[in-house]
Amino acid sequence: MKLKDEVLLHGDFDIRILKAGREIEHYKDHNMIMATARDALARLVGGDGTGKTVTQIGVGTNGDGPSPDDTGLTSPYKKNISGRTYPATGEVCFSWVIGVGEANGKTIREFGLLCGDGTLFARRTRGAIEKADDIEIRGTWTIKF
């Protein structure tokens, strides 16, 4: 039996889009963990993790597919995550809501999990969501170690 040298971080991205309170879309897919996440995790384990915990969800306008070298979102709207749970050993699930009064007028094509110091931890792109004052986006983002 061989041991692998690397930790295969991955995650699940799950959103529900509501218009005037009614669900109009449910979207679920895997996400990409950024190279900067490895540094954040190394610093956390090493005891130098100030600002390296995931604290925010961000949405942006760049629809280009994710790359491990991505470091930020385009024209971001950011807010604190709503909560976190630990659904299984080696997993953390972040929950969040972009409410009807938030990010209006933005064409959302990308989502990101951000550390307290602004480090982009994970990123996911998808088709455009035209954010208006009757649109709410509810989501969870589970990172698996």
# chains A, B, ... in the order shown; residues from 1 in each chain; ligands from 1
>>> select_by_dssp(residues="region 25-139 of chain A", states="alpha helix (DSSP H)", output="count of residues only")
12
>>> residues_around(residues="region 34-49 of chain A", least_positions_apart="6", cutoff="7 Å", atoms="only C-alpha atoms", output="number ranges by chain")
A: 68-70, 119-122
>>> write_last_selection(atoms="N, CA and C atoms", output="PDB file, in the first residue's frame")
ATOM      1  N   PRO A  68      -6.057  27.094 -10.169  1.00  0.00           N
ATOM      2  CA  PRO A  68      -5.483  27.024  -8.818  1.00  0.00           C
ATOM      3  C   PRO A  68      -4.711  28.280  -8.426  1.00  0.00           C
ATOM      4  N   ASP A  69      -4.281  29.051  -9.413  1.00  0.00           N
ATOM      5  CA  ASP A  69      -3.501  30.257  -9.128  1.00  0.00           C
ATOM      6  C   ASP A  69      -4.347  31.513  -8.955  1.00  0.00           C
ATOM      7  N   ASP A  70      -5.676  31.406  -9.009  1.00  0.00           N
ATOM      8  CA  ASP A  70      -6.540  32.570  -8.788  1.00  0.00           C
ATOM      9  C   ASP A  70      -6.297  33.132  -7.389  1.00  0.00           C
ATOM     10  N   THR A 119      -7.405  36.254   1.718  1.00  0.00           N
ATOM     11  CA  THR A 119      -6.926  35.138   0.915  1.00  0.00           C
ATOM     12  C   THR A 119      -8.102  34.392   0.292  1.00  0.00           C
ATOM     13  N   LEU A 120      -8.043  34.166  -1.023  1.00  0.00           N
ATOM     14  CA  LEU A 120      -9.066  33.387  -1.708  1.00  0.00           C
ATOM     15  C   LEU A 120      -8.794  31.908  -1.446  1.00  0.00           C
ATOM     16  N   PHE A 121      -9.717  31.250  -0.767  1.00  0.00           N
ATOM     17  CA  PHE A 121      -9.548  29.853  -0.384  1.00  0.00           C
ATOM     18  C   PHE A 121     -10.103  28.907  -1.447  1.00  0.00           C
ATOM     19  N   ALA A 122     -11.298  29.204  -1.955  1.00  0.00           N
ATOM     20  CA  ALA A 122     -11.942  28.360  -2.964  1.00  0.00           C
ATOM     21  C   ALA A 122     -12.718  29.258  -3.916  1.00  0.00           C
TER      22      ALA A 122
END
>>> atom_distance(atom1="CA of Gly90 (chain A)", atom2="CA of Phe145 (chain A)")
5.1 Å
>>> closest_atom_pairs(of="region 7-107 of chain A", to="region 131-138 of chain A", cutoff="7 Å", atoms="only C-alpha atoms", output="Markdown table")
| residue | atom | partner | partner_atom | distance |
| --- | --- | --- | --- | --- |
| A:Ile15 | CA | A:Arg138 | CA | 5.6 |
| A:Arg16 | CA | A:Arg138 | CA | 5.2 |
| A:Ile17 | CA | A:Ile137 | CA | 4.7 |
| A:Leu18 | CA | A:Glu136 | CA | 5.1 |
| A:Lys19 | CA | A:Ile135 | CA | 4.6 |
| A:Ala20 | CA | A:Asp134 | CA | 5.0 |
| A:Trp96 | CA | A:Arg138 | CA | 6.1 |
| A:Val97 | CA | A:Arg138 | CA | 4.5 |
| A:Ile98 | CA | A:Ile137 | CA | 5.1 |
| A:Gly99 | CA | A:Glu136 | CA | 4.8 |
| A:Val100 | CA | A:Asp133 | CA | 4.8 |
| A:Gly101 | CA | A:Asp133 | CA | 5.8 |
| A:Ala103 | CA | A:Lys131 | CA | 6.6 |
| A:Asn104 | CA | A:Ala132 | CA | 4.8 |
| A:Gly105 | CA | A:Lys131 | CA | 5.6 |
| A:Lys106 | CA | A:Lys131 | CA | 5.5 |
| A:Thr107 | CA | A:Lys131 | CA | 6.1 |
>>> closest_residue(among="A:Ile108, A:Leu73, A:Leu113, A:Ile33", to="Gln56 (chain A)", atoms="only C-alpha atoms")
A:Leu113
>>> closest_residue(among="A:Arg84, A:Lys52, A:Lys79, A:Arg22", to="Thr140 (chain A)", atoms="only C-alpha atoms")
A:Arg84
>>> atom_distance(atom1="CA of His30 (chain A)", atom2="CA of Asn80 (chain A)")
21.6 Å
>>> atom_distance(atom1="CA of Arg124 (chain A)", atom2="CA of Gly60 (chain A)")
10.3 Å
>>> residues_around(residues="Pro76 (chain A)", least_positions_apart="5", cutoff="8 Å", atoms="only C-alpha atoms", output="list in words")
Gly58, Val59, Gly60 and Thr61 of chain A
>>> write_last_selection(atoms="N, CA, C and O atoms", output="mmCIF file, in the first residue's frame")
data_model
loop_
_atom_site.group_PDB
_atom_site.id
_atom_site.type_symbol
_atom_site.label_atom_id
_atom_site.label_comp_id
_atom_site.auth_asym_id
_atom_site.auth_seq_id
_atom_site.Cartn_x
_atom_site.Cartn_y
_atom_site.Cartn_z
ATOM 1 N N GLY A 58 -17.810 35.616 -1.098
ATOM 2 C CA GLY A 58 -17.730 36.719 -2.046
ATOM 3 C C GLY A 58 -18.358 36.305 -3.358
ATOM 4 O O GLY A 58 -18.335 35.129 -3.733
ATOM 5 N N VAL A 59 -18.943 37.274 -4.057
ATOM 6 C CA VAL A 59 -19.458 37.045 -5.404
ATOM 7 C C VAL A 59 -18.818 38.083 -6.311
ATOM 8 O O VAL A 59 -18.522 39.199 -5.894
ATOM 9 N N GLY A 60 -18.587 37.692 -7.565
ATOM 10 C CA GLY A 60 -17.961 38.598 -8.513
ATOM 11 C C GLY A 60 -18.491 38.381 -9.918
ATOM 12 O O GLY A 60 -19.408 37.587 -10.140
ATOM 13 N N THR A 61 -17.866 39.072 -10.864
ATOM 14 C CA THR A 61 -18.388 39.131 -12.220
ATOM 15 C C THR A 61 -17.594 38.329 -13.252
ATOM 16 O O THR A 61 -18.005 38.239 -14.398
#
>>> residues_around(residues="Thr142 (chain A)", least_positions_apart="3", cutoff="9 Å", atoms="only C-alpha atoms", output="PyMOL selection string")
chain A and resi 10-14+86-87+91-95
>>> write_last_selection(atoms="N, CA and C atoms", output="PDB file, in the first residue's frame")
ATOM      1  N   HIS A  10     -10.937  19.099  -1.578  1.00  0.00           N
ATOM      2  CA  HIS A  10     -11.983  19.326  -2.552  1.00  0.00           C
ATOM      3  C   HIS A  10     -13.235  19.758  -1.815  1.00  0.00           C
ATOM      4  N   GLY A  11     -14.222  20.124  -2.557  1.00  0.00           N
ATOM      5  CA  GLY A  11     -15.415  20.579  -1.892  1.00  0.00           C
ATOM      6  C   GLY A  11     -16.650  20.499  -2.754  1.00  0.00           C
ATOM      7  N   ASP A  12     -17.780  20.773  -2.121  1.00  0.00           N
ATOM      8  CA  ASP A  12     -19.075  20.803  -2.788  1.00  0.00           C
ATOM      9  C   ASP A  12     -19.692  22.180  -2.594  1.00  0.00           C
ATOM     10  N   PHE A  13     -20.162  22.728  -3.695  1.00  0.00           N
ATOM     11  CA  PHE A  13     -20.778  24.050  -3.755  1.00  0.00           C
ATOM     12  C   PHE A  13     -22.249  23.840  -4.069  1.00  0.00           C
ATOM     13  N   ASP A  14     -23.140  24.389  -3.256  1.00  0.00           N
ATOM     14  CA  ASP A  14     -24.573  24.139  -3.398  1.00  0.00           C
ATOM     15  C   ASP A  14     -25.320  25.448  -3.175  1.00  0.00           C
ATOM     16  N   TYR A  86     -19.780  20.935  11.027  1.00  0.00           N
ATOM     17  CA  TYR A  86     -18.798  19.900  10.726  1.00  0.00           C
ATOM     18  C   TYR A  86     -19.570  18.599  10.481  1.00  0.00           C
ATOM     19  N   PRO A  87     -20.065  18.398   9.229  1.00  0.00           N
ATOM     20  CA  PRO A  87     -20.978  17.287   8.949  1.00  0.00           C
ATOM     21  C   PRO A  87     -20.369  15.896   9.038  1.00  0.00           C
ATOM     22  N   GLU A  91     -14.495  17.408   7.473  1.00  0.00           N
ATOM     23  CA  GLU A  91     -15.314  18.289   6.644  1.00  0.00           C
ATOM     24  C   GLU A  91     -15.760  19.511   7.429  1.00  0.00           C
ATOM     25  N   VAL A  92     -15.825  20.643   6.747  1.00  0.00           N
ATOM     26  CA  VAL A  92     -16.416  21.853   7.305  1.00  0.00           C
ATOM     27  C   VAL A  92     -17.366  22.417   6.257  1.00  0.00           C
ATOM     28  N   CYS A  93     -18.562  22.786   6.697  1.00  0.00           N
ATOM     29  CA  CYS A  93     -19.588  23.316   5.805  1.00  0.00           C
ATOM     30  C   CYS A  93     -19.908  24.751   6.209  1.00  0.00           C
ATOM     31  N   PHE A  94     -19.712  25.678   5.280  1.00  0.00           N
ATOM     32  CA  PHE A  94     -20.002  27.090   5.501  1.00  0.00           C
ATOM     33  C   PHE A  94     -21.359  27.404   4.882  1.00  0.00           C
ATOM     34  N   SER A  95     -22.220  28.085   5.626  1.00  0.00           N
ATOM     35  CA  SER A  95     -23.513  28.500   5.093  1.00  0.00           C
ATOM     36  C   SER A  95     -23.522  30.015   4.942  1.00  0.00           C
TER      37      SER A  95
END
>>> closest_residue(among="A:Met32, A:Phe111, A:Glu23, A:Ser82", to="Ser67 (chain A)", atoms="only C-alpha atoms")
A:Met32
>>> select_by_dssp(residues="region 42-75 of chain A", states="strand (DSSP E or B)", output="list in words")
Val54, Thr55, Gln56, Ile57, Gly58, Val59 and Gly60 of chain A
>>> write_last_selection(atoms="N, CA and C atoms", output="PDB file, in the first residue's frame")
ATOM      1  N   VAL A  54     -11.521  30.865   7.233  1.00  0.00           N
ATOM      2  CA  VAL A  54     -12.541  31.308   6.289  1.00  0.00           C
ATOM      3  C   VAL A  54     -13.618  32.057   7.056  1.00  0.00           C
ATOM      4  N   THR A  55     -13.876  33.297   6.622  1.00  0.00           N
ATOM      5  CA  THR A  55     -14.851  34.139   7.310  1.00  0.00           C
ATOM      6  C   THR A  55     -15.887  34.763   6.379  1.00  0.00           C
ATOM      7  N   GLN A  56     -15.629  34.774   5.060  1.00  0.00           N
ATOM      8  CA  GLN A  56     -16.518  35.490   4.153  1.00  0.00           C
ATOM      9  C   GLN A  56     -16.849  34.680   2.899  1.00  0.00           C
ATOM     10  N   ILE A  57     -18.008  35.020   2.334  1.00  0.00           N
ATOM     11  CA  ILE A  57     -18.389  34.597   0.993  1.00  0.00           C
ATOM     12  C   ILE A  57     -18.251  35.828   0.116  1.00  0.00           C
ATOM     13  N   GLY A  58     -17.810  35.616  -1.098  1.00  0.00           N
ATOM     14  CA  GLY A  58     -17.730  36.719  -2.046  1.00  0.00           C
ATOM     15  C   GLY A  58     -18.358  36.305  -3.358  1.00  0.00           C
ATOM     16  N   VAL A  59     -18.943  37.274  -4.057  1.00  0.00           N
ATOM     17  CA  VAL A  59     -19.458  37.045  -5.404  1.00  0.00           C
ATOM     18  C   VAL A  59     -18.818  38.083  -6.311  1.00  0.00           C
ATOM     19  N   GLY A  60     -18.587  37.692  -7.565  1.00  0.00           N
ATOM     20  CA  GLY A  60     -17.961  38.598  -8.513  1.00  0.00           C
ATOM     21  C   GLY A  60     -18.491  38.381  -9.918  1.00  0.00           C
TER      22      GLY A  60
END
